[in-house]
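Peer 1: Got a structure for you, upload.csv, holding CSV, C-alpha atoms and all ligand atoms.
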chain,number,residue,atom,x,y,z
S,1,MET,CA,49.0,-165.3,-9.5
S,2,ASN,CA,45.7,-164.4,-7.8
S,3,LEU,CA,44.5,-161.2,-9.4
S,4,PRO,CA,41.9,-159.2,-7.6
S,5,GLN,CA,38.3,-159.2,-8.9
S,6,LYS,CA,37.4,-155.5,-8.9
S,7,HIS,CA,33.6,-156.1,-9.3
S,8,SER,CA,31.1,-158.8,-9.0
S,9,ASN,CA,30.4,-159.4,-12.7
S,10,THR,CA,32.7,-162.3,-13.6
S,11,GLY,CA,31.5,-162.8,-17.1
S,12,THR,CA,32.0,-160.9,-20.4
S,13,SER,CA,29.6,-158.1,-21.3
S,14,ILE,CA,26.5,-159.5,-23.0
S,15,PHE,CA,27.0,-157.1,-25.9
S,16,ALA,CA,30.4,-158.7,-26.7
S,17,VAL,CA,28.9,-162.2,-26.2
S,18,MET,CA,25.9,-161.8,-28.4
S,19,SER,CA,27.6,-159.8,-31.2
S,20,GLY,CA,30.3,-162.5,-31.2
S,21,LEU,CA,27.7,-165.2,-31.5
S,22,ALA,CA,25.9,-163.3,-34.2
S,23,SER,CA,29.1,-163.2,-36.3
S,24,GLN,CA,30.0,-166.8,-35.5
S,25,TYR,CA,26.6,-168.0,-36.8
S,26,ASN,CA,26.3,-165.4,-39.5
S,27,ALA,CA,23.0,-164.2,-37.8
S,28,ILE,CA,21.3,-160.9,-38.2
S,29,ASN,CA,22.4,-158.9,-35.3
S,30,LEU,CA,19.5,-157.3,-33.4
S,31,SER,CA,21.4,-157.7,-30.2
S,32,GLN,CA,24.0,-154.9,-29.5
S,33,GLY,CA,22.5,-151.4,-30.0
S,34,PHE,CA,24.0,-149.9,-33.1
S,35,PRO,CA,22.6,-148.7,-36.5
S,36,ASP,CA,23.6,-150.8,-39.6
S,37,PHE,CA,23.2,-148.0,-42.1
S,38,PRO,CA,25.7,-145.3,-43.3
S,39,ILE,CA,26.2,-142.0,-41.5
S,40,ASP,CA,25.5,-138.7,-43.1
S,41,GLU,CA,28.0,-138.0,-45.8
S,42,GLN,CA,28.5,-134.5,-44.6
S,43,LEU,CA,29.7,-135.8,-41.3
S,44,SER,CA,32.1,-138.4,-42.7
S,45,GLY,CA,33.4,-135.7,-45.1
S,46,LEU,CA,34.0,-133.3,-42.2
S,47,LEU,CA,36.0,-136.0,-40.4
S,48,GLY,CA,38.3,-136.5,-43.4
S,49,LYS,CA,38.6,-132.8,-43.9
S,50,ALA,CA,39.6,-132.2,-40.3
S,51,ALA,CA,42.3,-134.9,-40.6
S,52,ARG,CA,43.5,-133.5,-43.9
S,53,GLU,CA,43.6,-130.0,-42.6
S,54,GLY,CA,46.0,-131.1,-39.9
S,55,HIS,CA,43.8,-131.3,-36.8
S,56,ASN,CA,45.6,-134.4,-35.7
S,57,GLN,CA,47.2,-133.6,-32.3
S,58,TYR,CA,45.9,-133.5,-28.8
S,59,ALA,CA,42.8,-131.5,-28.1
S,60,PRO,CA,42.4,-129.3,-25.0
S,61,MET,CA,41.7,-131.5,-21.9
S,62,PRO,CA,38.0,-130.5,-21.5
S,63,GLY,CA,37.3,-130.7,-25.2
S,64,LEU,CA,37.4,-128.3,-28.2
S,65,PRO,CA,35.8,-125.0,-27.3
S,66,ILE,CA,33.9,-124.9,-30.6
S,67,LEU,CA,32.3,-128.3,-29.9
S,68,ARG,CA,31.4,-127.4,-26.3
S,69,GLN,CA,29.9,-124.1,-27.5
S,70,ALA,CA,27.9,-126.0,-30.2
S,71,ILE,CA,26.5,-128.3,-27.5
S,72,ALA,CA,25.6,-125.3,-25.3
S,73,ASN,CA,23.8,-123.7,-28.3
S,74,ASP,CA,22.0,-126.9,-29.1
S,75,PHE,CA,20.7,-127.2,-25.5
S,76,LYS,CA,19.6,-123.6,-25.6
S,77,ILE,CA,17.6,-124.2,-28.8
S,78,ARG,CA,16.1,-127.6,-27.9
S,79,TYR,CA,15.5,-127.2,-24.2
S,80,GLY,CA,15.8,-123.5,-23.5
S,81,VAL,CA,18.4,-124.1,-20.8
S,82,ASN,CA,21.6,-122.1,-20.3
S,83,ILE,CA,24.8,-124.2,-20.0
S,84,ASP,CA,28.2,-122.7,-19.7
S,85,ALA,CA,30.5,-124.3,-22.3
S,86,ASP,CA,33.6,-123.6,-20.3
S,87,SER,CA,32.6,-124.7,-16.8
S,88,GLU,CA,29.8,-127.2,-17.4
S,89,ILE,CA,30.7,-129.4,-20.4
S,90,THR,CA,33.4,-132.0,-20.8
S,91,ILE,CA,33.9,-134.0,-24.0
S,92,THR,CA,34.4,-137.7,-23.4
S,93,PRO,CA,35.2,-140.8,-25.5
S,94,GLY,CA,31.6,-142.0,-25.3
S,95,ALA,CA,29.0,-142.1,-22.6
S,96,THR,CA,30.1,-145.4,-21.0
S,97,TYR,CA,33.4,-143.6,-20.2
S,98,ALA,CA,31.5,-140.5,-19.0
S,99,ILE,CA,29.4,-142.7,-16.6
S,100,TYR,CA,32.5,-144.4,-15.2
S,101,THR,CA,34.3,-141.1,-14.8
S,102,ALA,CA,31.3,-139.4,-13.1
S,103,PHE,CA,31.0,-142.3,-10.6
S,104,THR,CA,34.8,-142.3,-10.0
S,105,SER,CA,34.8,-138.5,-9.3
S,106,ILE,CA,32.6,-138.8,-6.3
S,107,LEU,CA,32.3,-142.4,-5.0
S,108,GLN,CA,34.1,-143.6,-2.0
S,109,PRO,CA,34.3,-147.1,-0.5
S,110,ASP,CA,31.0,-148.2,1.1
S,111,ASP,CA,28.9,-145.5,-0.5
S,112,GLU,CA,25.6,-146.8,-1.7
S,113,VAL,CA,24.2,-146.0,-5.2
S,114,ILE,CA,20.6,-146.8,-6.1
S,115,VAL,CA,20.3,-148.5,-9.5
S,116,LEU,CA,16.9,-149.1,-11.1
S,117,GLU,CA,16.9,-152.5,-12.8
S,118,PRO,CA,16.9,-153.7,-15.6
S,119,ALA,CA,19.9,-151.4,-16.1
S,120,TYR,CA,22.7,-150.8,-18.7
S,121,ASP,CA,25.3,-153.4,-17.8
S,122,SER,CA,28.2,-151.1,-17.0
S,123,TYR,CA,26.6,-149.3,-14.1
S,124,ILE,CA,27.0,-151.9,-11.4
S,125,PRO,CA,30.6,-152.9,-12.3
S,126,ASN,CA,31.6,-149.2,-12.4
S,127,ILE,CA,30.1,-148.6,-8.9
S,128,GLU,CA,31.8,-151.7,-7.5
S,129,THR,CA,35.2,-150.9,-9.0
S,130,ASN,CA,35.1,-147.8,-6.9
S,131,GLY,CA,34.5,-149.9,-3.7
S,132,ALA,CA,30.9,-148.6,-3.5
S,133,VAL,CA,27.7,-150.7,-3.3
S,134,ALA,CA,24.9,-150.9,-5.8
S,135,VAL,CA,21.5,-151.1,-4.2
S,136,THR,CA,19.1,-152.3,-6.8
S,137,VAL,CA,15.4,-151.4,-7.1
S,138,SER,CA,13.4,-153.2,-9.8
S,139,LEU,CA,11.1,-151.7,-12.4
S,140,SER,CA,8.2,-154.0,-13.2
S,141,ALA,CA,6.8,-155.2,-16.5
S,142,PRO,CA,4.8,-154.4,-18.5
S,143,ASP,CA,5.4,-150.6,-18.3
S,144,PHE,CA,8.6,-150.6,-16.3
S,145,LYS,CA,7.6,-147.4,-14.4
S,146,VAL,CA,9.5,-146.4,-11.2
S,147,ASP,CA,7.8,-147.5,-8.0
S,148,TRP,CA,8.7,-144.5,-5.9
S,149,ASN,CA,7.8,-146.2,-2.6
S,150,LYS,CA,10.5,-148.8,-3.4
S,151,VAL,CA,13.1,-146.1,-4.1
S,152,LYS,CA,12.2,-144.3,-0.9
S,153,ALA,CA,12.6,-147.5,1.0
S,154,ALA,CA,16.1,-148.1,-0.5
S,155,ILE,CA,17.5,-144.7,0.7
S,156,THR,CA,19.7,-145.0,3.7
S,157,THR,CA,22.3,-142.7,5.4
S,158,LYS,CA,24.9,-144.2,3.1
S,159,THR,CA,23.1,-143.4,-0.1
S,160,LYS,CA,25.5,-141.2,-2.1
S,161,ALA,CA,23.7,-141.2,-5.5
S,162,ILE,CA,21.1,-142.6,-7.7
S,163,ILE,CA,21.6,-143.4,-11.4
S,164,VAL,CA,18.6,-142.9,-13.7
S,165,ASN,CA,18.2,-143.6,-17.4
S,166,THR,CA,15.5,-142.0,-19.7
S,167,PRO,CA,14.7,-143.0,-22.4
S,168,HIS,CA,15.5,-146.4,-20.9
S,169,ASN,CA,17.7,-149.2,-22.1
S,170,PRO,CA,16.5,-151.9,-22.4
S,171,THR,CA,12.7,-151.2,-22.0
S,172,GLY,CA,12.1,-148.0,-24.0
S,173,ALA,CA,10.3,-146.5,-21.0
S,174,ILE,CA,10.5,-142.7,-20.6
S,175,TRP,CA,10.2,-140.5,-17.5
S,176,GLU,CA,7.4,-138.0,-17.0
S,177,LYS,CA,7.9,-134.6,-15.5
S,178,SER,CA,6.2,-136.0,-12.3
S,179,ASP,CA,9.0,-138.6,-11.9
S,180,TRP,CA,11.6,-135.9,-11.7
S,181,ASP,CA,9.4,-134.0,-9.2
S,182,THR,CA,9.0,-137.1,-7.0
S,183,LEU,CA,12.8,-137.7,-7.1
S,184,ALA,CA,13.3,-134.1,-6.1
S,185,SER,CA,11.0,-134.5,-3.1
S,186,LEU,CA,13.0,-137.6,-2.0
S,187,VAL,CA,16.4,-136.1,-2.3
S,188,ARG,CA,15.6,-132.5,-1.2
S,189,ASP,CA,16.9,-132.8,2.4
S,190,THR,CA,19.8,-135.0,1.5
S,191,GLU,CA,23.2,-134.8,-0.3
S,192,ILE,CA,22.2,-137.5,-2.8
S,193,ILE,CA,23.8,-136.9,-6.2
S,194,ILE,CA,22.0,-137.8,-9.5
S,195,PHE,CA,23.6,-139.5,-12.5
S,196,SER,CA,21.3,-139.0,-15.4
S,197,ASP,CA,22.0,-141.2,-18.4
S,198,GLU,CA,20.2,-139.4,-21.2
S,199,VAL,CA,22.0,-141.0,-24.2
S,200,TYR,CA,18.7,-141.6,-26.0
S,201,GLU,CA,17.3,-138.1,-25.4
S,202,GLN,CA,16.6,-137.5,-29.1
S,203,LEU,CA,15.0,-140.9,-29.6
S,204,VAL,CA,11.4,-140.3,-28.2
S,205,PHE,CA,8.4,-141.3,-30.2
S,206,ASP,CA,4.7,-140.5,-30.8
S,207,GLY,CA,5.1,-136.8,-30.1
S,208,GLN,CA,6.2,-137.3,-26.5
S,209,LYS,CA,8.7,-135.1,-24.8
S,210,HIS,CA,12.0,-136.1,-23.2
S,211,TYR,CA,12.3,-134.4,-19.9
S,212,SER,CA,15.9,-133.7,-19.1
S,213,VAL,CA,17.1,-133.3,-15.6
S,214,LEU,CA,18.7,-130.1,-16.9
S,215,GLU,CA,15.2,-128.6,-17.2
S,216,HIS,CA,14.7,-129.3,-13.5
S,217,GLU,CA,16.3,-126.3,-11.9
S,218,GLU,CA,16.5,-127.8,-8.4
S,219,LEU,CA,17.8,-131.3,-9.5
S,220,ARG,CA,20.2,-129.9,-12.1
S,221,GLN,CA,22.3,-128.4,-9.3
S,222,ARG,CA,23.1,-132.0,-8.1
S,223,SER,CA,23.4,-133.9,-11.4
S,224,PHE,CA,25.9,-135.3,-13.7
S,225,VAL,CA,24.2,-135.7,-17.1
S,226,LEU,CA,25.7,-138.1,-19.6
S,227,TYR,CA,25.3,-138.1,-23.4
S,228,SER,CA,26.5,-140.0,-26.4
S,229,PHE,CA,26.9,-138.6,-30.0
S,230,GLY,CA,26.7,-142.1,-31.3
S,231,LYS,CA,22.9,-142.2,-30.7
S,232,VAL,CA,22.3,-138.9,-32.4
S,233,PHE,CA,24.5,-139.2,-35.5
S,234,ASN,CA,24.3,-143.0,-35.9
S,235,ASN,CA,28.0,-143.4,-35.4
S,236,THR,CA,28.4,-145.4,-32.2
S,237,GLY,CA,31.8,-146.6,-33.3
S,238,TRP,CA,33.2,-143.1,-33.0
S,239,LYS,CA,32.8,-143.4,-29.2
S,240,MET,CA,32.1,-139.7,-28.6
S,241,GLY,CA,30.1,-138.3,-25.8
S,242,TYR,CA,30.0,-135.6,-23.1
S,243,CYS,CA,29.2,-134.8,-19.5
S,244,ILE,CA,27.1,-131.8,-18.5
S,245,ALA,CA,27.4,-130.9,-14.8
S,246,PRO,CA,27.4,-127.8,-12.5
S,247,PRO,CA,30.9,-126.1,-12.3
S,248,ALA,CA,32.0,-127.8,-9.0
S,249,PHE,CA,30.9,-131.2,-10.3
S,250,THR,CA,32.7,-130.6,-13.6
S,251,VAL,CA,35.9,-129.7,-11.6
S,252,ALA,CA,35.6,-133.1,-9.8
S,253,PHE,CA,34.9,-134.8,-13.1
S,254,ARG,CA,37.9,-133.3,-14.9
S,255,ARG,CA,40.1,-134.2,-11.9
S,256,ILE,CA,39.6,-137.8,-12.9
S,257,HIS,CA,39.2,-137.3,-16.7
S,258,GLN,CA,42.6,-135.6,-17.1
S,259,PHE,CA,44.4,-138.7,-15.7
S,260,LEU,CA,42.2,-141.3,-17.5
S,261,VAL,CA,42.2,-140.3,-21.1
S,262,PHE,CA,43.3,-136.6,-20.8
S,263,CYS,CA,41.6,-135.6,-24.1
S,264,VAL,CA,39.4,-137.0,-26.9
S,265,ASN,CA,39.9,-137.6,-30.7
S,266,THR,CA,40.6,-134.2,-32.2
S,267,PRO,CA,39.3,-134.6,-35.8
S,268,ALA,CA,36.1,-136.2,-34.6
S,269,GLN,CA,35.5,-133.2,-32.3
S,270,PHE,CA,36.0,-130.8,-35.3
S,271,ALA,CA,33.7,-132.9,-37.4
S,272,LEU,CA,30.9,-133.0,-34.8
S,273,ALA,CA,31.2,-129.3,-34.0
S,274,HIS,CA,30.8,-128.3,-37.7
S,275,HIS,CA,28.0,-130.8,-38.3
S,276,MET,CA,25.9,-129.8,-35.3
S,277,GLY,CA,23.1,-127.4,-36.1
S,278,ASN,CA,24.1,-127.6,-39.7
S,279,ASN,CA,22.7,-130.9,-41.0
S,280,ASN,CA,19.5,-131.4,-42.9
S,281,ALA,CA,19.0,-135.0,-42.2
S,282,ILE,CA,15.5,-136.1,-41.0
S,283,PRO,CA,15.5,-135.9,-37.1
S,284,VAL,CA,16.9,-139.1,-35.7
S,285,GLY,CA,13.8,-139.6,-33.4
S,286,GLN,CA,11.5,-139.5,-36.4
S,287,LEU,CA,13.7,-142.0,-38.3
S,288,MET,CA,13.8,-144.4,-35.3
S,289,GLN,CA,10.1,-144.1,-34.8
S,290,GLN,CA,9.5,-145.3,-38.4
S,291,LYS,CA,11.8,-148.2,-37.7
S,292,ARG,CA,10.0,-149.1,-34.5
S,293,ASP,CA,6.7,-149.0,-36.2
S,294,HIS,CA,7.8,-151.1,-39.1
S,295,PHE,CA,9.5,-153.6,-36.8
S,296,LEU,CA,6.4,-153.9,-34.5
S,297,ALA,CA,4.0,-154.2,-37.5
S,298,LEU,CA,5.9,-157.2,-38.7
S,299,LEU,CA,6.6,-158.7,-35.3
S,300,ALA,CA,2.8,-158.7,-34.6
S,301,HIS,CA,2.7,-161.7,-37.0
S,302,THR,CA,5.0,-163.8,-34.8
S,303,PRO,CA,4.3,-165.6,-31.5
S,304,PHE,CA,6.3,-163.0,-29.5
S,305,THR,CA,4.4,-160.9,-26.9
S,306,ILE,CA,5.3,-157.2,-27.4
S,307,TYR,CA,5.9,-155.2,-24.1
S,308,GLY,CA,5.4,-151.5,-24.4
S,309,PRO,CA,5.6,-150.6,-27.3
S,310,ALA,CA,8.9,-148.8,-26.7
S,311,ARG,CA,8.3,-145.1,-26.2
S,312,GLY,CA,11.9,-144.2,-26.9
S,313,SER,CA,15.5,-145.6,-27.4
S,314,TYR,CA,16.7,-148.2,-29.9
S,315,PHE,CA,15.0,-151.1,-28.2
S,316,GLN,CA,11.9,-153.3,-28.0
S,317,VAL,CA,11.4,-155.8,-25.3
S,318,ALA,CA,9.3,-158.9,-26.1
S,319,GLY,CA,8.2,-162.1,-24.2
S,320,TYR,CA,8.7,-165.5,-25.7
S,321,ASP,CA,6.6,-167.7,-23.4
S,322,LYS,CA,4.4,-168.8,-26.3
S,323,ILE,CA,7.5,-170.1,-28.1
S,324,SER,CA,9.8,-171.7,-25.5
S,325,ASN,CA,10.3,-172.5,-21.8
S,326,LEU,CA,14.1,-172.0,-22.0
S,327,PRO,CA,15.9,-169.6,-19.7
S,328,ASP,CA,16.4,-166.3,-21.6
S,329,MET,CA,20.1,-166.7,-22.1
S,330,GLU,CA,19.6,-170.1,-23.6
S,331,PHE,CA,16.7,-168.9,-25.7
S,332,ALA,CA,18.7,-166.0,-27.1
S,333,GLN,CA,21.6,-168.4,-28.0
S,334,TRP,CA,19.2,-170.9,-29.6
S,335,LEU,CA,17.5,-168.2,-31.6
S,336,THR,CA,20.9,-167.0,-32.9
S,337,LYS,CA,22.1,-170.5,-33.9
S,338,GLU,CA,18.8,-172.0,-35.2
S,339,TYR,CA,17.0,-169.0,-36.6
S,340,GLY,CA,19.8,-166.6,-37.4
S,341,VAL,CA,18.6,-163.7,-35.3
S,342,ALA,CA,20.6,-162.4,-32.4
S,343,THR,CA,19.0,-160.5,-29.5
S,344,ILE,CA,19.8,-159.7,-25.9
S,345,PRO,CA,18.4,-161.7,-22.9
S,346,VAL,CA,17.0,-159.2,-20.5
S,347,SER,CA,18.4,-161.1,-17.5
S,348,ALA,CA,21.8,-159.6,-18.4
S,349,PHE,CA,20.5,-156.2,-17.2
S,350,TYR,CA,20.0,-157.5,-13.6
S,351,LYS,CA,22.6,-158.1,-11.0
S,352,ASN,CA,20.9,-161.3,-9.8
S,353,LYS,CA,20.2,-162.3,-13.5
S,354,GLN,CA,16.4,-162.2,-12.9
S,355,ASP,CA,14.8,-164.1,-15.7
S,356,ASP,CA,11.3,-163.1,-16.8
S,357,HIS,CA,11.6,-164.8,-20.2
S,358,LEU,CA,12.2,-161.5,-22.1
S,359,ILE,CA,14.5,-160.6,-24.9
S,360,ARG,CA,15.5,-157.2,-26.3
S,361,PHE,CA,15.5,-156.4,-30.0
S,362,CYS,CA,17.4,-153.5,-31.5
S,363,PHE,CA,15.3,-152.0,-34.3
S,364,ALA,CA,17.9,-149.3,-35.3
S,365,LYS,CA,18.4,-151.1,-38.6
S,366,LYS,CA,17.9,-150.6,-42.3
S,367,GLU,CA,14.6,-151.7,-43.8
S,368,GLU,CA,15.9,-154.9,-45.4
S,369,THR,CA,17.5,-156.0,-42.1
S,370,ILE,CA,14.2,-155.6,-40.3
S,371,ILE,CA,12.3,-157.4,-43.0
S,372,GLU,CA,14.7,-160.3,-43.2
S,373,ALA,CA,15.0,-160.7,-39.4
S,374,VAL,CA,11.3,-160.8,-38.9
S,375,ALA,CA,10.8,-163.2,-41.8
S,376,ARG,CA,13.1,-165.6,-40.0
S,377,LEU,CA,11.2,-165.1,-36.7
S,378,SER,CA,7.9,-165.7,-38.5
S,379,THR,CA,8.9,-169.3,-39.0
S,380,LEU,CA,8.9,-169.8,-35.2
S,381,LYS,CA,6.1,-172.2,-34.0
S,382,PRO,CA,4.0,-171.6,-30.9
S,383,LEU,CA,4.5,-174.3,-28.3
U,1,LIG,N1,24.1,-145.6,-21.6
U,1,LIG,C1,23.1,-146.4,-22.2
U,1,LIG,C2,21.8,-146.6,-21.5
U,1,LIG,C3,23.4,-147.0,-23.4
U,1,LIG,O1,22.5,-147.8,-23.9
U,1,LIG,C4,24.6,-146.8,-24.0
U,1,LIG,C5,24.8,-147.6,-25.3
U,1,LIG,N2,25.8,-147.4,-25.9
U,1,LIG,C6,25.6,-146.0,-23.3
U,1,LIG,C7,25.3,-145.5,-22.1
U,1,LIG,C8,27.0,-145.8,-23.9
U,1,LIG,O2,27.1,-145.0,-24.9
U,1,LIG,P1,28.5,-144.9,-25.7
U,1,LIG,O3,28.5,-145.9,-26.8
U,1,LIG,O4,28.7,-143.5,-26.1
U,1,LIG,O5,29.6,-145.3,-24.7
U,2,LIG,N1,24.3,-149.4,-25.7
U,2,LIG,C1,24.4,-150.5,-26.6
U,2,LIG,C2,23.4,-151.6,-26.1
U,2,LIG,O1,22.8,-151.5,-25.1
U,2,LIG,C3,25.8,-151.1,-26.8
U,2,LIG,C4,26.7,-150.9,-25.6
U,2,LIG,C5,27.9,-151.7,-25.7
U,2,LIG,O2,28.2,-152.4,-26.7
U,2,LIG,N2,28.6,-151.7,-24.6
U,2,LIG,O3,23.3,-152.6,-26.8
Now, as a test, write the supplied structure out as C-alpha cells.
Ligand code: PMP
Ligand code: GLN

Peer 2:
Amino acid sequence: MNLPQKHSNTGTSIFAVMSGLASQYNAINLSQGFPDFPIDEQLSGLLGKAAREGHNQYAPMPGLPILRQAIANDFKIRYGVNIDADSEITITPGATYAIYTAFTSILQPDDEVIVLEPAYDSYIPNIETNGAVAVTVSLSAPDFKVDWNKVKAAITTKTKAIIVNTPHNPTGAIWEKSDWDTLASLVRDTEIIIFSDEVYEQLVFDGQKHYSVLEHEELRQRSFVLYSFGKVFNNTGWKMGYCIAPPAFTVAFRRIHQFLVFCVNTPAQFALAHHMGNNNAIPVGQLMQQKRDHFLALLAHTPFTIYGPARGSYFQVAGYDKISNLPDMEFAQWLTKEYGVATIPVSAFYKNKQDDHLIRFCFAKKEETIIEAVARLSTLKPL
C-alpha cells in the first residue's frame, strides 16, 4: 500500500538516532538533551504519594486547577505578570505536544509559518502535517542572532505565524528585549500569530534575564507560549508541560487538545503542583551554569572550537574543523563509535540539512559524566 507522507522529513528524529547509537556503542550520551542525575526526592516522593492516595483517574481536560494555579502564582512571582489559571493555562503531555497542538489549532493548508533555523526538529514536520508551509530564515554563526531584515523579507500575505525559541536549542542564544520590540513592529499591522517556545526559560546564565513574550503586553495578546516541566525539574521522561495563551487562543487550543489526549497524567500533576514553590533545591539555572562552566573549561583543552559560549539552555555548539573534514552527521557517528561520545550534528536542525561542521553537546550531566566525556575527547588529534 502507498501510505501518504504527511511531512517532508522522511528520516527518524536525530534524537532517536543518536541516543540509539550511543547505547549500541556504549558511548557517553551528550546527544539528546536530558539530565543524567536523579530528580529531587521530594518530587519523586510526591508522585508516589499521589498514586497511593488514589489520584489515579482522569484529570480535568485543561489540567488540575491546583497545578494551573501554581503556574499562575509562579509567573506572578518570577515575571510579575497576571495569568488567569482557568482561561489561559492548559496542561499538556510535554512541550513537543503543546507545540503541535498550538500549530494545529490555527494552521490551515497553505498558511506560511516563519521558522528561524537551526530549529528544534519537530517544528517543520508539525507545520507540514497541517498542510502549511515552513518558510525558513537562518540565524548565523557565531552568535546566532536574528537578522530582522531577513525576517521582514520573509513576511508575505500568507504568513500566518512565526515560531521563536529563547533560550535557543541548539545554539544557547537568548533574545534581548529589543528583539521582541522589533518583532512587535513587524507584526503590528498584521494578524501574524506568535508561537514562543520558552522551555529553557529558567536556564539562563551569567546574570542575564530571560525575556518572556508574556512580559510584552502587545505581543502577548497574539501568542501561544509553550513550556516543559522536564527542563525545570530535571524529569524530561515525565513528559509534562503547558501552554499559556490568551482566552480565545486557549479555547482554540483546547478544541484540539480535548480530542488528542483529552487530559494529562493525574499523579504527575498532583506531584508538580505540590512541589512548585515549595522546593529548596538550588535554582536549576545556577546548576546548569556550573555544568556549562565545568564542561567549557575542560573542552578548552581539546581541538574543538567553542561557539558562544551558550548563554542559556542545555547545549553548547562547537566546531570540529581542526579535527576532521567529515560531514557533521558522519563526524557525530564516528565520534560515537570511535571515541565513545555521542553528540548531535547541527545539520539535523535545518530543513535543507545545511552543514557548517558543527555539533551540539548537552552538558546537563553529572560531574563524572562530563569529566569522562571530555577525557575521551581530549585524545582527539588535530588534523
Ligand atoms: N522545545 C525545545 C526547544 C526543546 O529543546 C524541547 C526538548 N525537549 C522541547 C521543546 C520539548 O519538550 P518536552 O520534552 O516537554 O516535549
Ligand atoms: N529537547 C531535547 C533535545 O533537543 C530532546 C528532544 C527529543 O528527544 N525529542 O535534545

Peer 1: Between CA of Asn82 (chain S) and CA of Pro60 (chain S), what is the distance in Å, rounded to a tenth?

Peer 2: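 Between these atoms lies a distance of 22.5 Å.
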
Peer 1: Between S:Leu335, S:Ala273, S:Val264, S:Ile370, which has the minimum distance to Lys291 (chain S) (counting all atoms listed in the file)?

Peer 2: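 Between S:Leu335, S:Ala273, S:Val264, S:Ile370, the residue approaching Lys291 (chain S) most closely is S:Ile370.
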
Peer 1: Can you work out which residues are within 8 Å of ligand LIG 2 (chain U), considering only C-alpha atoms and all ligand atoms, and then hand them over as a PDB file with C-alpha atoms, keeping the file's coordinate frame?

Peer 2:
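The file below, out20.pdb, is the result:
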ATOM      1  CA  SER S  13      29.600-158.100 -21.300  1.00  0.00           C
ATOM      2  CA  PHE S  15      27.000-157.100 -25.900  1.00  0.00           C
ATOM      3  CA  ALA S  16      30.400-158.700 -26.700  1.00  0.00           C
ATOM      4  CA  SER S  31      21.400-157.700 -30.200  1.00  0.00           C
ATOM      5  CA  GLN S  32      24.000-154.900 -29.500  1.00  0.00           C
ATOM      6  CA  GLY S  33      22.500-151.400 -30.000  1.00  0.00           C
ATOM      7  CA  PHE S  34      24.000-149.900 -33.100  1.00  0.00           C
ATOM      8  CA  THR S  96      30.100-145.400 -21.000  1.00  0.00           C
ATOM      9  CA  TYR S 120      22.700-150.800 -18.700  1.00  0.00           C
ATOM     10  CA  ASP S 121      25.300-153.400 -17.800  1.00  0.00           C
ATOM     11  CA  SER S 122      28.200-151.100 -17.000  1.00  0.00           C
ATOM     12  CA  ASN S 169      17.700-149.200 -22.100  1.00  0.00           C
ATOM     13  CA  PRO S 170      16.500-151.900 -22.400  1.00  0.00           C
ATOM     14  CA  ILE S 344      19.800-159.700 -25.900  1.00  0.00           C
ATOM     15  CA  CYS S 362      17.400-153.500 -31.500  1.00  0.00           C
TER      16      CYS S 362
END

Peer 1: So that I can check the surroundings of Phe349 (chain S), please list as a ChimeraX atom specification every protein, DNA and RNA residue that reaches within 12 Å of it, counting all atoms listed in the file and ignoring chain neighbours fewer than 4 positions away.

Peer 2: /S:9,13-15,115-125,136,138-139,168-171,328-329,344-345,353-356,358-360

Peer 1: Which residue is closest to Ile91 (chain S)? Choose from S:Met61, S:Ala154, S:Leu21, S:Val251 and count all atoms listed in the file.

Peer 2: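 Once distances to Ile91 (chain S) are computed over all atoms listed in the file, the minimum belongs to S:Met61.
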
Peer 1: With all atoms listed in the file counted, collect every polymer residue having an atom within 10 Å of ligand LIG 1 (chain U); state the result as a short mmCIF file (atom, residue, chain, number, x, y, z; two decimals) with C-alpha atoms, in the frame of the given file.

Peer 2:
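Okay, part03.cif is ready:
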data_model
loop_
_atom_site.label_atom_id
_atom_site.label_comp_id
_atom_site.auth_asym_id
_atom_site.auth_seq_id
_atom_site.Cartn_x
_atom_site.Cartn_y
_atom_site.Cartn_z
CA PHE S 15 27.00 -157.10 -25.90
CA GLN S 32 24.00 -154.90 -29.50
CA GLY S 33 22.50 -151.40 -30.00
CA PHE S 34 24.00 -149.90 -33.10
CA THR S 92 34.40 -137.70 -23.40
CA PRO S 93 35.20 -140.80 -25.50
CA GLY S 94 31.60 -142.00 -25.30
CA ALA S 95 29.00 -142.10 -22.60
CA THR S 96 30.10 -145.40 -21.00
CA TYR S 97 33.40 -143.60 -20.20
CA ALA S 98 31.50 -140.50 -19.00
CA ILE S 99 29.40 -142.70 -16.60
CA TYR S 100 32.50 -144.40 -15.20
CA ALA S 119 19.90 -151.40 -16.10
CA TYR S 120 22.70 -150.80 -18.70
CA ASP S 121 25.30 -153.40 -17.80
CA SER S 122 28.20 -151.10 -17.00
CA TYR S 123 26.60 -149.30 -14.10
CA VAL S 164 18.60 -142.90 -13.70
CA ASN S 165 18.20 -143.60 -17.40
CA THR S 166 15.50 -142.00 -19.70
CA PRO S 167 14.70 -143.00 -22.40
CA HIS S 168 15.50 -146.40 -20.90
CA ASN S 169 17.70 -149.20 -22.10
CA PRO S 170 16.50 -151.90 -22.40
CA SER S 196 21.30 -139.00 -15.40
CA ASP S 197 22.00 -141.20 -18.40
CA GLU S 198 20.20 -139.40 -21.20
CA VAL S 199 22.00 -141.00 -24.20
CA TYR S 200 18.70 -141.60 -26.00
CA LEU S 226 25.70 -138.10 -19.60
CA TYR S 227 25.30 -138.10 -23.40
CA SER S 228 26.50 -140.00 -26.40
CA PHE S 229 26.90 -138.60 -30.00
CA GLY S 230 26.70 -142.10 -31.30
CA LYS S 231 22.90 -142.20 -30.70
CA ASN S 235 28.00 -143.40 -35.40
CA THR S 236 28.40 -145.40 -32.20
CA GLY S 237 31.80 -146.60 -33.30
CA TRP S 238 33.20 -143.10 -33.00
CA LYS S 239 32.80 -143.40 -29.20
CA MET S 240 32.10 -139.70 -28.60
CA GLY S 241 30.10 -138.30 -25.80
CA TYR S 242 30.00 -135.60 -23.10
CA SER S 313 15.50 -145.60 -27.40
CA TYR S 314 16.70 -148.20 -29.90
CA PHE S 315 15.00 -151.10 -28.20
#
